[in-house]
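Data block for input-v2.cif (mmCIF, C-alpha atoms and all ligand atoms):
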data_input
#
loop_
_atom_site.label_atom_id
_atom_site.label_comp_id
_atom_site.auth_asym_id
_atom_site.auth_seq_id
_atom_site.Cartn_x
_atom_site.Cartn_y
_atom_site.Cartn_z
CA MET A 298 126.33 133.63 106.53
CA PRO A 299 125.76 133.58 110.32
CA GLU A 300 128.56 132.42 112.60
CA PRO A 301 128.37 128.64 113.07
CA LEU A 302 126.88 127.56 116.39
CA ALA A 303 129.24 125.97 118.85
CA PRO A 304 128.34 122.25 119.09
CA ASP A 305 127.25 122.43 122.74
CA VAL A 306 125.05 125.49 122.05
CA LEU A 307 123.50 123.76 119.05
CA LEU A 308 122.75 120.60 121.01
CA ASP A 309 121.27 122.57 123.89
CA LEU A 310 118.92 124.50 121.58
CA ASP A 311 118.06 121.27 119.77
CA ARG A 312 117.17 119.50 123.00
CA ARG A 313 115.06 122.39 124.30
CA HIS A 314 113.16 123.40 121.16
CA VAL A 315 113.27 120.87 118.34
CA TRP A 316 111.09 117.81 117.92
CA HIS A 317 112.78 114.80 116.36
CA PRO A 318 110.95 111.82 114.79
CA TYR A 319 109.01 109.93 117.45
CA GLY A 320 110.78 112.01 120.06
CA PRO A 321 109.91 113.32 123.53
CA MET A 322 110.25 116.97 124.51
CA PRO A 323 112.74 117.91 125.78
CA GLY A 324 114.86 115.41 123.83
CA ARG A 325 116.48 112.61 125.82
CA GLN A 326 119.03 111.08 123.45
CA GLU A 327 121.75 113.26 122.11
CA PRO A 328 121.66 113.25 118.31
CA LEU A 329 124.87 113.36 116.27
CA VAL A 330 125.44 116.69 114.55
CA VAL A 331 126.08 116.32 110.81
CA ALA A 332 128.12 119.15 109.32
CA SER A 333 128.07 117.94 105.71
CA ALA A 334 127.74 114.83 103.59
CA SER A 335 129.08 113.64 100.27
CA GLY A 336 129.14 110.32 98.45
CA VAL A 337 128.14 107.74 101.07
CA ARG A 338 129.75 109.63 103.98
CA LEU A 339 128.26 111.79 106.70
CA ARG A 340 130.74 114.23 108.26
CA LEU A 341 130.18 114.92 111.94
CA ALA A 342 130.63 118.34 113.53
CA THR A 343 132.21 116.65 116.57
CA PRO A 344 133.73 113.17 116.49
CA ALA A 345 131.71 110.40 118.11
CA GLU A 346 133.29 107.14 119.32
CA GLY A 347 136.48 108.41 117.70
CA ARG A 348 134.85 108.81 114.27
CA SER A 349 134.48 112.08 112.42
CA GLU A 350 133.02 110.38 109.31
CA LEU A 351 130.38 107.70 109.05
CA VAL A 352 129.47 105.50 106.09
CA ASP A 353 125.71 105.90 105.67
CA GLY A 354 123.85 102.60 105.93
CA MET A 355 120.37 104.16 105.83
CA SER A 356 120.21 106.30 102.66
CA SER A 357 118.47 108.82 104.94
CA TRP A 358 115.45 106.51 105.22
CA TRP A 359 115.47 104.95 101.74
CA SER A 360 115.86 108.22 99.88
CA ALA A 361 119.53 109.03 99.08
CA ILE A 362 119.98 106.25 96.51
CA HIS A 363 122.78 108.09 94.64
CA GLY A 364 124.55 109.22 97.83
CA TYR A 365 125.00 112.84 98.93
CA ARG A 366 126.06 115.85 96.90
CA HIS A 367 125.90 114.00 93.62
CA PRO A 368 127.26 116.42 90.98
CA VAL A 369 124.37 115.74 88.59
CA LEU A 370 121.70 116.41 91.21
CA ASP A 371 123.58 119.40 92.64
CA ARG A 372 123.68 120.88 89.14
CA ALA A 373 119.98 120.21 88.52
CA ALA A 374 119.11 122.02 91.76
CA ARG A 375 121.41 124.94 90.97
CA ASP A 376 120.11 125.31 87.41
CA GLN A 377 116.54 125.34 88.65
CA LEU A 378 117.42 127.79 91.44
CA ASP A 379 118.59 130.21 88.75
CA ARG A 380 115.10 130.06 87.16
CA MET A 381 112.75 129.80 90.15
CA SER A 382 112.56 127.80 93.38
CA HIS A 383 108.82 127.81 93.58
CA VAL A 384 105.67 129.15 92.06
CA MET A 385 102.09 128.21 92.95
CA PHE A 386 100.52 125.36 90.95
CA GLY A 387 96.95 126.66 90.92
CA GLY A 388 96.36 128.24 87.52
CA LEU A 389 100.06 127.97 86.65
CA THR A 390 102.23 125.15 85.39
CA HIS A 391 105.89 124.70 84.56
CA GLU A 392 108.31 122.43 82.79
CA PRO A 393 109.87 120.68 85.83
CA ALA A 394 106.49 119.37 87.06
CA VAL A 395 105.20 118.43 83.61
CA ARG A 396 108.41 116.70 82.65
CA LEU A 397 108.47 114.73 85.92
CA ALA A 398 104.82 113.69 85.72
CA ALA A 399 105.22 112.47 82.14
CA ARG A 400 108.35 110.55 83.13
CA LEU A 401 106.56 108.88 86.07
CA VAL A 402 103.70 107.78 83.80
CA GLU A 403 106.27 106.35 81.38
CA ILE A 404 108.16 104.25 83.98
CA THR A 405 105.33 103.04 86.25
CA PRO A 406 102.95 100.14 85.41
CA GLU A 407 101.03 100.74 82.20
CA PRO A 408 97.50 101.75 83.28
CA LEU A 409 98.70 104.51 85.61
CA ARG A 410 98.24 107.71 83.66
CA HIS A 411 97.49 110.67 85.93
CA VAL A 412 99.82 112.17 88.52
CA PHE A 413 99.19 114.20 91.67
CA LEU A 414 102.45 115.72 92.92
CA ALA A 415 102.33 115.87 96.72
CA ASP A 416 104.77 117.32 99.21
CA SER A 417 105.43 114.20 101.30
CA GLY A 418 104.79 110.48 101.30
CA SER A 419 102.04 110.67 103.91
CA VAL A 420 100.22 113.36 101.92
CA SER A 421 100.47 111.25 98.76
CA VAL A 422 98.81 108.39 100.67
CA GLU A 423 96.09 110.79 101.89
CA VAL A 424 95.53 111.83 98.28
CA ALA A 425 95.54 108.23 97.02
CA LEU A 426 92.90 107.27 99.60
CA LYS A 427 90.86 110.38 98.89
CA MET A 428 90.90 109.42 95.20
CA CYS A 429 89.53 105.96 96.06
CA LEU A 430 86.81 107.20 98.43
CA GLN A 431 85.78 109.95 96.05
CA TYR A 432 85.68 107.52 93.13
CA TRP A 433 82.94 105.48 94.83
CA ARG A 434 81.13 108.59 96.09
CA SER A 435 81.07 109.90 92.51
CA LEU A 436 79.60 106.62 91.33
CA GLY A 437 76.79 106.96 93.86
CA ARG A 438 78.21 104.40 96.32
CA PRO A 439 79.31 106.48 99.33
CA GLU A 440 78.98 103.44 101.60
CA LYS A 441 82.20 102.12 100.04
CA HIS A 442 84.48 104.20 102.28
CA ARG A 443 86.43 101.71 104.37
CA LEU A 444 89.88 100.37 103.64
CA LEU A 445 91.34 96.89 103.95
CA THR A 446 94.99 96.18 104.56
CA TRP A 447 97.13 93.47 106.05
CA ARG A 448 98.83 93.78 109.40
CA GLY A 449 102.47 94.83 109.66
CA GLY A 450 102.11 97.78 107.30
CA TYR A 451 103.27 101.38 107.45
CA HIS A 452 101.78 104.17 105.35
CA GLY A 453 102.71 107.40 107.11
CA ASP A 454 101.86 109.41 110.20
CA THR A 455 98.94 111.62 109.15
CA TRP A 456 95.43 110.48 110.09
CA GLN A 457 94.15 108.36 107.22
CA PRO A 458 97.53 106.67 106.59
CA MET A 459 97.82 106.01 110.35
CA SER A 460 94.50 104.16 110.25
CA VAL A 461 96.02 101.55 107.89
CA CYS A 462 99.34 101.20 109.74
CA ASP A 463 99.86 98.04 111.75
CA PRO A 464 97.31 98.19 114.59
CA ASP A 465 99.72 96.66 117.11
CA GLY A 466 103.02 98.22 116.08
CA GLY A 467 101.50 101.59 115.21
CA MET A 468 99.90 104.03 117.61
CA HIS A 469 96.38 102.59 117.33
CA HIS A 470 95.95 101.92 121.04
CA LEU A 471 96.68 105.60 121.73
CA TRP A 472 94.08 106.67 119.17
CA SER A 473 91.34 104.12 119.60
CA GLY A 474 88.02 105.85 119.09
CA VAL A 475 89.67 108.55 117.00
CA LEU A 476 91.18 106.70 114.04
CA ALA A 477 88.93 105.43 111.25
CA ARG A 478 88.35 101.72 111.88
CA GLN A 479 89.61 99.76 108.92
CA VAL A 480 89.53 96.05 108.04
CA PHE A 481 92.71 94.13 108.85
CA ALA A 482 93.84 90.82 107.39
CA ASP A 483 96.65 88.86 109.03
CA ALA A 484 100.13 89.85 107.91
CA PRO A 485 101.23 88.00 104.79
CA PRO A 486 103.30 84.87 105.58
CA PRO A 487 106.99 85.86 105.45
CA GLY A 488 109.49 84.98 102.77
CA PHE A 489 109.98 86.53 99.33
CA ASP A 490 110.78 83.09 97.85
CA ALA A 491 108.22 81.15 99.89
CA GLU A 492 105.44 79.46 97.92
CA PRO A 493 102.19 81.38 98.51
CA ASP A 494 100.13 79.68 101.20
CA PRO A 495 96.78 78.72 99.62
CA ALA A 496 94.98 78.83 102.99
CA TYR A 497 96.15 82.40 103.63
CA ALA A 498 95.25 83.43 100.08
CA ALA A 499 91.77 81.96 100.55
CA ARG A 500 91.28 83.90 103.80
CA LEU A 501 92.39 87.09 102.05
CA ARG A 502 89.89 86.54 99.22
CA GLU A 503 87.14 85.71 101.68
CA LEU A 504 87.76 88.85 103.78
CA ILE A 505 87.75 91.10 100.71
CA GLY A 506 84.54 89.47 99.48
CA ARG A 507 82.84 89.74 102.86
CA HIS A 508 83.57 93.47 103.21
CA ALA A 509 83.40 94.43 99.52
CA HIS A 510 80.10 96.30 99.93
CA GLU A 511 81.80 98.80 102.29
CA LEU A 512 85.35 98.78 100.89
CA ALA A 513 86.72 101.61 98.79
CA ALA A 514 90.14 100.05 98.43
CA VAL A 515 92.73 97.56 99.54
CA VAL A 516 95.99 99.35 100.36
CA VAL A 517 99.31 97.57 100.89
CA GLU A 518 103.05 97.90 100.54
CA PRO A 519 104.01 95.45 97.78
CA VAL A 520 106.66 92.78 98.58
CA VAL A 521 108.42 94.67 101.40
CA GLN A 522 106.69 95.98 104.50
CA GLY A 523 109.11 98.66 105.69
CA ALA A 524 108.70 100.65 108.88
CA GLY A 525 106.03 98.18 110.08
CA GLY A 526 108.64 95.42 110.55
CA MET A 527 110.97 95.10 107.54
CA SER A 528 109.39 91.85 106.35
CA PHE A 529 109.26 90.41 102.83
CA HIS A 530 106.44 88.38 101.31
CA SER A 531 105.75 86.44 98.14
CA PRO A 532 104.68 88.55 95.14
CA GLY A 533 102.03 85.86 94.67
CA TYR A 534 99.86 87.54 97.31
CA LEU A 535 99.74 90.70 95.21
CA ARG A 536 98.22 88.67 92.37
CA VAL A 537 95.66 87.31 94.83
CA LEU A 538 94.79 90.88 95.88
CA ARG A 539 94.48 92.00 92.26
CA GLU A 540 92.14 89.12 91.39
CA ALA A 541 89.99 89.54 94.50
CA CYS A 542 89.74 93.32 94.03
CA ASP A 543 88.68 92.86 90.40
CA GLU A 544 86.18 90.20 91.29
CA HIS A 545 84.58 92.23 94.10
CA ASP A 546 84.80 95.75 92.67
CA VAL A 547 87.35 97.15 95.09
CA LEU A 548 90.24 99.45 94.12
CA LEU A 549 93.84 98.38 94.77
CA VAL A 550 96.46 100.83 96.05
CA PHE A 551 100.18 100.02 96.15
CA ASP A 552 102.27 102.17 98.46
CA GLU A 553 105.69 102.06 96.75
CA ILE A 554 107.08 104.98 98.77
CA ALA A 555 109.84 102.80 100.23
CA THR A 556 110.11 100.14 97.51
CA GLY A 557 110.13 102.37 94.43
CA PHE A 558 113.11 103.25 92.25
CA GLY A 559 114.94 99.96 92.30
CA ARG A 560 115.32 99.21 96.01
CA THR A 561 113.94 95.65 95.80
CA GLY A 562 115.76 94.75 92.58
CA ARG A 563 112.92 95.79 90.25
CA LEU A 564 112.18 99.40 89.40
CA PHE A 565 108.89 99.06 91.29
CA ALA A 566 108.06 96.14 93.57
CA ALA A 567 104.76 95.53 91.75
CA GLU A 568 106.86 94.28 88.82
CA HIS A 569 107.86 91.19 90.85
CA ALA A 570 104.20 90.18 90.68
CA GLY A 571 103.44 91.45 87.19
CA VAL A 572 100.32 93.23 88.42
CA ALA A 573 99.36 96.88 88.33
CA PRO A 574 97.42 98.77 91.01
CA ASP A 575 94.65 101.31 90.36
CA VAL A 576 96.49 103.89 92.43
CA MET A 577 100.16 103.98 93.36
CA CYS A 578 102.23 106.17 95.68
CA VAL A 579 105.91 106.98 95.24
CA GLY A 580 108.12 109.19 97.39
CA LYS A 581 111.32 108.84 99.41
CA ALA A 582 113.89 108.10 96.62
CA LEU A 583 111.89 110.17 94.10
CA THR A 584 114.20 113.18 94.51
CA GLY A 585 117.30 111.11 95.30
CA GLY A 586 116.94 112.29 98.88
CA TYR A 587 117.36 115.99 98.07
CA LEU A 588 113.94 117.53 98.69
CA THR A 589 110.56 116.47 99.91
CA MET A 590 108.24 115.33 97.14
CA ALA A 591 105.96 112.37 96.52
CA ALA A 592 103.30 111.44 93.99
CA ALA A 593 100.01 109.56 93.77
CA LEU A 594 99.35 108.09 90.33
CA CYS A 595 96.01 106.74 89.18
CA THR A 596 94.41 105.06 86.18
CA ALA A 597 92.09 106.69 83.67
CA ARG A 598 89.21 104.75 85.23
CA VAL A 599 89.76 106.32 88.64
CA ALA A 600 90.25 109.83 87.24
CA GLU A 601 87.20 109.58 84.98
CA GLY A 602 85.08 108.22 87.83
CA ILE A 603 85.97 111.19 90.02
CA SER A 604 85.35 113.62 87.18
CA ARG A 605 81.83 112.27 86.56
CA GLY A 606 80.78 112.99 90.15
CA GLU A 607 78.65 115.67 91.73
CA VAL A 608 81.89 117.41 92.76
CA PRO A 609 83.90 116.66 89.63
CA VAL A 610 87.27 117.79 90.98
CA LEU A 611 89.88 116.29 93.27
CA ALA A 612 89.73 118.72 96.18
CA HIS A 613 93.35 118.74 97.26
CA GLY A 614 96.02 121.37 96.60
CA PRO A 615 99.06 121.71 98.82
CA THR A 616 100.77 125.12 98.80
CA PHE A 617 104.00 123.58 97.60
CA MET A 618 102.37 121.22 95.09
CA GLY A 619 104.64 120.48 92.13
CA ASN A 620 107.54 122.44 93.67
CA PRO A 621 109.85 123.21 90.70
CA LEU A 622 113.08 122.72 92.62
CA ALA A 623 112.04 119.28 93.90
CA ALA A 624 110.58 118.30 90.51
CA ALA A 625 113.75 119.28 88.64
CA VAL A 626 115.93 117.26 91.01
CA ALA A 627 113.48 114.34 90.85
CA SER A 628 113.67 114.20 87.05
CA ALA A 629 117.46 114.38 87.23
CA SER A 630 117.49 111.58 89.82
CA VAL A 631 115.25 109.32 87.72
CA ASP A 632 117.37 110.01 84.62
CA LEU A 633 120.54 109.32 86.58
CA LEU A 634 119.14 106.02 87.83
CA LEU A 635 117.82 104.82 84.48
CA GLY A 636 120.86 106.08 82.57
CA GLN A 637 123.08 103.49 84.29
CA ASP A 638 122.97 99.74 84.75
CA TRP A 639 121.18 100.21 88.06
CA GLU A 640 119.99 96.59 88.17
CA ARG A 641 123.60 95.44 88.20
CA GLU A 642 124.42 97.87 91.02
CA VAL A 643 121.49 96.76 93.16
CA LYS A 644 122.42 93.10 92.51
CA ARG A 645 125.99 93.89 93.55
CA VAL A 646 124.75 95.49 96.79
CA GLU A 647 122.45 92.51 97.33
CA ALA A 648 125.35 90.06 96.91
CA GLY A 649 127.50 92.12 99.30
CA LEU A 650 124.77 92.20 101.93
CA ARG A 651 124.16 88.43 101.61
CA GLU A 652 127.83 87.69 102.04
CA GLY A 653 128.47 90.24 104.79
CA LEU A 654 125.39 89.49 106.86
CA ALA A 655 125.51 85.68 106.59
CA ALA A 656 127.55 85.41 109.79
CA ALA A 657 124.78 87.16 111.75
CA ALA A 658 122.70 84.00 111.54
CA GLY A 659 125.08 82.32 114.00
CA LEU A 660 125.05 85.11 116.59
CA PRO A 661 123.24 84.61 119.89
CA GLY A 662 119.97 86.54 120.06
CA VAL A 663 119.52 86.64 116.27
CA ARG A 664 116.19 85.33 115.07
CA ASP A 665 116.39 85.93 111.31
CA VAL A 666 118.65 87.36 108.63
CA ARG A 667 117.10 88.43 105.32
CA VAL A 668 118.21 90.28 102.23
CA LEU A 669 116.25 91.46 99.21
CA GLY A 670 117.67 93.86 96.64
CA ALA A 671 119.56 96.61 98.44
CA ILE A 672 117.88 95.86 101.80
CA GLY A 673 119.52 93.85 104.58
CA VAL A 674 117.78 92.97 107.83
CA VAL A 675 118.94 91.28 111.03
CA GLN A 676 116.02 90.56 113.32
CA LEU A 677 116.80 89.86 116.98
CA ASP A 678 114.73 87.82 119.43
CA HIS A 679 114.48 90.88 121.70
CA GLU A 680 114.06 94.66 121.54
CA VAL A 681 117.20 96.39 120.36
CA ASP A 682 119.01 98.54 122.93
CA VAL A 683 119.03 101.39 120.42
CA PRO A 684 121.66 103.64 122.08
CA ALA A 685 124.05 100.69 122.61
CA ALA A 686 123.52 99.31 119.09
CA THR A 687 123.93 102.75 117.52
CA ARG A 688 127.15 103.35 119.47
CA ALA A 689 128.54 100.01 118.32
CA ALA A 690 127.78 100.87 114.69
CA VAL A 691 129.34 104.33 115.04
CA ARG A 692 132.43 102.75 116.60
CA ALA A 693 132.58 100.62 113.45
CA GLY A 694 132.36 103.82 111.37
CA VAL A 695 128.78 103.39 110.12
CA TRP A 696 125.46 105.16 110.59
CA LEU A 697 122.56 102.81 111.36
CA ARG A 698 119.19 103.51 112.96
CA PRO A 699 117.73 100.32 114.46
CA PHE A 700 114.17 100.11 115.74
CA ARG A 701 112.10 97.59 117.66
CA ASP A 702 113.84 94.19 117.21
CA LEU A 703 115.43 95.19 113.90
CA ILE A 704 118.93 96.18 112.85
CA TYR A 705 118.75 96.90 109.17
CA THR A 706 120.44 98.69 106.30
CA MET A 707 119.41 100.02 102.93
CA PRO A 708 122.62 101.67 101.69
CA PRO A 709 122.92 104.03 98.71
CA TYR A 710 123.29 102.03 95.48
CA VAL A 711 126.68 103.71 94.91
CA THR A 712 128.20 102.14 98.06
CA ASP A 713 131.40 100.38 96.94
CA ASP A 714 132.32 96.86 98.04
CA ALA A 715 134.70 97.98 100.80
CA ASP A 716 132.14 100.36 102.34
CA LEU A 717 129.46 97.70 101.98
CA ALA A 718 131.65 95.27 103.95
CA ALA A 719 132.04 97.98 106.62
CA VAL A 720 128.26 98.42 106.77
CA CYS A 721 127.81 94.68 107.27
CA ARG A 722 130.47 94.54 110.00
CA ALA A 723 128.65 97.40 111.74
CA VAL A 724 125.31 95.56 111.54
CA LEU A 725 126.96 92.55 113.17
CA ALA A 726 128.55 94.75 115.84
CA ALA A 727 125.19 96.43 116.52
CA ALA A 728 123.45 93.05 116.70
CA THR A 729 125.99 91.85 119.26
CA ALA A 730 125.84 95.06 121.31
CA GLY A 731 122.09 95.59 121.13
C1 LIG B 801 107.97 106.64 104.65
C2 LIG B 801 106.73 106.02 104.16
C3 LIG B 801 105.53 106.76 104.09
C4 LIG B 801 105.43 108.18 104.57
O1 LIG B 801 106.23 109.05 103.83
P1 LIG B 801 106.65 110.48 104.48
O2 LIG B 801 107.40 111.16 103.38
O3 LIG B 801 107.52 110.14 105.66
O4 LIG B 801 105.41 111.17 104.87
C5 LIG B 801 104.42 106.12 103.60
N1 LIG B 801 104.47 104.84 103.18
C6 LIG B 801 105.60 104.10 103.22
C7 LIG B 801 105.60 102.70 102.72
C8 LIG B 801 106.77 104.66 103.72
O5 LIG B 801 107.88 103.92 103.79
#
Give the structure from this file in structure tokens form.
Ligand SMILES: *Cc1c(COP(=O)(O)O)cnc(C)c1O
Amino acid sequence: MPEPLAPDVLLDLDRRHVWHPYGPMPGRQEPLVVASASGVRLRLATPAEGRSELVDGMSSWWSAIHGYRHPVLDRAARDQLDRMSHVMFGGLTHEPAVRLAARLVEITPEPLRHVFLADSGSVSVEVALKMCLQYWRSLGRPEKHRLLTWRGGYHGDTWQPMSVCDPDGGMHHLWSGVLARQVFADAPPPGFDAEPDPAYAARLRELIGRHAHELAAVVVEPVVQGAGGMSFHSPGYLRVLREACDEHDVLLVFDEIATGFGRTGRLFAAEHAGVAPDVMCVGKALTGGYLTMAAALCTARVAEGISRGEVPVLAHGPTFMGNPLAAAVASASVDLLLGQDWEREVKRVEAGLREGLAAAAGLPGVRDVRVLGAIGVVQLDHEVDVPAATRAAVRAGVWLRPFRDLIYTMPPYVTDDADLAAVCRAVLAAATAG
């Protein structure tokens, strides 16, 4: 093992050489250095605001649903390490990937039957969209190559996913003329419990019908739009999309990368609506936050359509496709989740967030407070002062990462009631400070 870097040396090298998400170069804000993590706690290399440990309110961006260093997942990784960390997937196969794919088919909506194991969420969206475009090409309808989505979405940072991210919140203005031009509907009216608005539903149907001749697919995040604005909508709109897509011969893609594996209170958000997509992406919590892996699942119809084409193969094959280490941990994570009363745990977290965040509604500058499953959101009426809000949360002993006008939390499902209360107090403190 090399000597550990002194904290100031580490931070200096970090600032000079290392890109961070959405970061400038050299870096401007000083990141906190995490030395280790276990359960729901991040341990800092150097104390910040008097804290050497922080309760994690972010699940490392939706992924660490069981917390850190879970003994079951640690063991799965170690056992697999003793066999092999990786082997190419072209011409070879192995038990971890096969077991995981079969398990995903078993637990996702019924018609989804075929699995492409990708190495990140964005790549799984690329693959999902490639499946849809190639499906129509194979059927002799190459003009069906555009995509329709609603505003306020987020589907990743590579090119095709970027083209269906929210055109205002995303980086569209920077890339106008470069990004594929897709068809945008208005964002779905907010409110998980709100009655679907018939006028909005009619506009959605009309737009899909009008563009059907050129549309390969409609792609949306079901029920919760995450990084595009943390907003919730009625599952009724997903039924509208399903009906309109069926009526007009357009494929339907659900991006469940953030919502999958119980986060919204159902195993997959599509279950709130009782509809199944033609193609579905999962990622983030797939490996319990241990390793990078995602998947695009499709129906027999989509797979058979592609296989009847002039080029009867799906031309995609990442180097680390089906990575055995990630697949083994993913299967262990899914088993761990389904082997417990996870619905009760998510309901418990939901109740804790509702109770703990209720007081935010009375704070000055707060526009909305919303909770669904293990997701809590406080929306301000102004841009968050991110450094100030983050400092306030750290002072309260909690790690949060606000963005835009949003201070939000999606804690690990294993967060106990006392830590959950601390997370809520930190959200309130951040909302006041930011
Ligand atoms: C995070 C996310 C992605 C992108 O996944 P990466 O693993 O970051 O590439 C795509 N879609 C949704 C809904 C996401 O939340």
Point to revise | Nearest candidate to ligand LIG 801 (chain B) (options A:Asp309, A:Glu680, A:Glu440, A:Asp463; using only C-alpha atoms and all ligand atoms) | key: A:Asp463
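Closest approach to Met707 (chain A) among A:Ala332, A:Val369, A:Leu397, A:Val337: A:Val337, based on all atoms listed in the file.
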Can you pull out every residue with an atom within 7 Å of ligand LIG 801 (chain B)? Use only C-alpha atoms and all ligand atoms and format it as a PDB file with C-alpha atoms, in the coordinates of the input.
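After the write, selection-v9.pdb holds the following:
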ATOM      1  CA  SER A 417     105.430 114.200 101.300  1.00  0.00           C
ATOM      2  CA  GLY A 418     104.790 110.480 101.300  1.00  0.00           C
ATOM      3  CA  SER A 419     102.040 110.670 103.910  1.00  0.00           C
ATOM      4  CA  VAL A 420     100.220 113.360 101.920  1.00  0.00           C
ATOM      5  CA  VAL A 422      98.810 108.390 100.670  1.00  0.00           C
ATOM      6  CA  TYR A 451     103.270 101.380 107.450  1.00  0.00           C
ATOM      7  CA  HIS A 452     101.780 104.170 105.350  1.00  0.00           C
ATOM      8  CA  GLY A 453     102.710 107.400 107.110  1.00  0.00           C
ATOM      9  CA  ASP A 454     101.860 109.410 110.200  1.00  0.00           C
ATOM     10  CA  GLU A 518     103.050  97.900 100.540  1.00  0.00           C
ATOM     11  CA  GLY A 523     109.110  98.660 105.690  1.00  0.00           C
ATOM     12  CA  ALA A 524     108.700 100.650 108.880  1.00  0.00           C
ATOM     13  CA  ASP A 552     102.270 102.170  98.460  1.00  0.00           C
ATOM     14  CA  GLU A 553     105.690 102.060  96.750  1.00  0.00           C
ATOM     15  CA  ILE A 554     107.080 104.980  98.770  1.00  0.00           C
ATOM     16  CA  ALA A 555     109.840 102.800 100.230  1.00  0.00           C
ATOM     17  CA  GLY A 580     108.120 109.190  97.390  1.00  0.00           C
ATOM     18  CA  LYS A 581     111.320 108.840  99.410  1.00  0.00           C
TER      19      LYS A 581
END
Exercise for review: Excluding Ala477 (chain A) and any residue of its chain fewer than 2 positions from it, enumerate the residues within 10 Å of it, using all atoms listed in the file, and give them as a ChimeraX atom specification.
Suggested key: /A:443-444,456-461,472-475,479-480
Practice item. For CA of Glu647 (chain A) and CA of Ala567 (chain A), quote the distance in Å rounded to one decimal. Key: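 Interatomic distance, CA of Glu647 (chain A) to CA of Ala567 (chain A): 18.8 Å.
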Point to revise | Near-region 609-612 of chain A list (8 Å; all atoms listed in the file; drop same-chain fewer than 6 positions) as a list in words | key: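 Using all atoms listed in the file, the neighbours found are Met428, Ser435 and Ile603 of chain A.
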Check your understanding: What does the distance from CA of Tyr710 (chain A) to CA of Val516 (chain A) come to in Å, to one decimal?
Key -> 27.9 Å
Exercise for review: Determine the nearest neighbour of Gly526 (chain A) from the options A:Gly364, A:Pro699, A:Gly320, A:Gly606, counting all atoms listed in the file.
Suggested key: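 Checking each of A:Gly364, A:Pro699, A:Gly320, A:Gly606 against Gly526 (chain A), counting all atoms listed in the file, the winner is A:Pro699.
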**Study point:** Who sits within 7 Å of region 625-630 of chain A, all atoms listed in the file, same chain under 4 positions skipped, as number ranges by chain
**Key:** A: 370, 373-374, 377, 393, 397, 583-585, 621, 634
Save out the residues we just selected, C-alpha atoms, as a CSV table (one decimal), in the coordinates of the input.
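As a result, part15.csv now contains:
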chain,number,residue,atom,x,y,z
A,370,LEU,CA,121.7,116.4,91.2
A,373,ALA,CA,120.0,120.2,88.5
A,374,ALA,CA,119.1,122.0,91.8
A,377,GLN,CA,116.5,125.3,88.6
A,393,PRO,CA,109.9,120.7,85.8
A,397,LEU,CA,108.5,114.7,85.9
A,583,LEU,CA,111.9,110.2,94.1
A,584,THR,CA,114.2,113.2,94.5
A,585,GLY,CA,117.3,111.1,95.3
A,621,PRO,CA,109.8,123.2,90.7
A,634,LEU,CA,119.1,106.0,87.8
Practice item. Kindly indicate which residue among A:Tyr365, A:Tyr319, A:Phe617, A:Phe551 lies nearest to Ala425 (chain A), using all atoms listed in the file for the distances. Key: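 Smallest separation from Ala425 (chain A) among the options: A:Phe551.
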Exercise for review: Tell me, in Å to one decimal, how far CA of Arg563 (chain A) is from CA of Ile672 (chain A).
Suggested key: 12.6 Å
**Study point:** Near-Ala655 (chain A) list (10 Å; all atoms listed in the file; drop same-chain fewer than 4 positions) as a ChimeraX atom specification
**Key:** /A:649-651,659,666-668,675,721,725
Check your understanding: Taking into account all atoms listed in the file, which residue in the set A:His508, A:Arg722, A:Arg313, A:Arg598 is nearest to Ala657 (chain A)?
Key ->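 Answer, going by the shortest atom-to-atom distance: A:Arg722.
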Name the residues in contact with Leu430 (chain A) at a cut-off of 6 Å, using all atoms listed in the file, excluding same-chain residues fewer than 2 positions from it; report them as a PDB file with C-alpha atoms, in the frame of the given file.
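Produced file out30.pdb, reproduced below:
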ATOM      1  CA  LYS A 427      90.860 110.380  98.890  1.00  0.00           C
ATOM      2  CA  MET A 428      90.900 109.420  95.200  1.00  0.00           C
ATOM      3  CA  TYR A 432      85.680 107.520  93.130  1.00  0.00           C
ATOM      4  CA  TRP A 433      82.940 105.480  94.830  1.00  0.00           C
ATOM      5  CA  HIS A 442      84.480 104.200 102.280  1.00  0.00           C
ATOM      6  CA  ALA A 513      86.720 101.610  98.790  1.00  0.00           C
TER       7      ALA A 513
END
Could N, CA and C atoms be built for region 438-443 of chain A and written out as a short mmCIF file (atom, residue, chain, number, x, y, z; two decimals), in the coordinates of the input?
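The resulting file, selection.cif, is shown below:
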data_model
loop_
_atom_site.label_atom_id
_atom_site.label_comp_id
_atom_site.auth_asym_id
_atom_site.auth_seq_id
_atom_site.Cartn_x
_atom_site.Cartn_y
_atom_site.Cartn_z
N ARG A 438 78.08 105.47 95.32
CA ARG A 438 78.21 104.40 96.32
C ARG A 438 79.05 104.88 97.51
N PRO A 439 78.53 105.90 98.23
CA PRO A 439 79.31 106.48 99.33
C PRO A 439 79.56 105.50 100.47
N GLU A 440 78.77 104.42 100.51
CA GLU A 440 78.98 103.44 101.60
C GLU A 440 80.31 102.69 101.44
N LYS A 441 80.89 102.76 100.24
CA LYS A 441 82.20 102.12 100.04
C LYS A 441 83.28 103.13 100.46
N HIS A 442 83.51 103.21 101.79
CA HIS A 442 84.48 104.20 102.28
C HIS A 442 85.48 103.61 103.25
N ARG A 443 85.43 102.30 103.47
CA ARG A 443 86.43 101.71 104.37
C ARG A 443 87.61 101.18 103.56
#
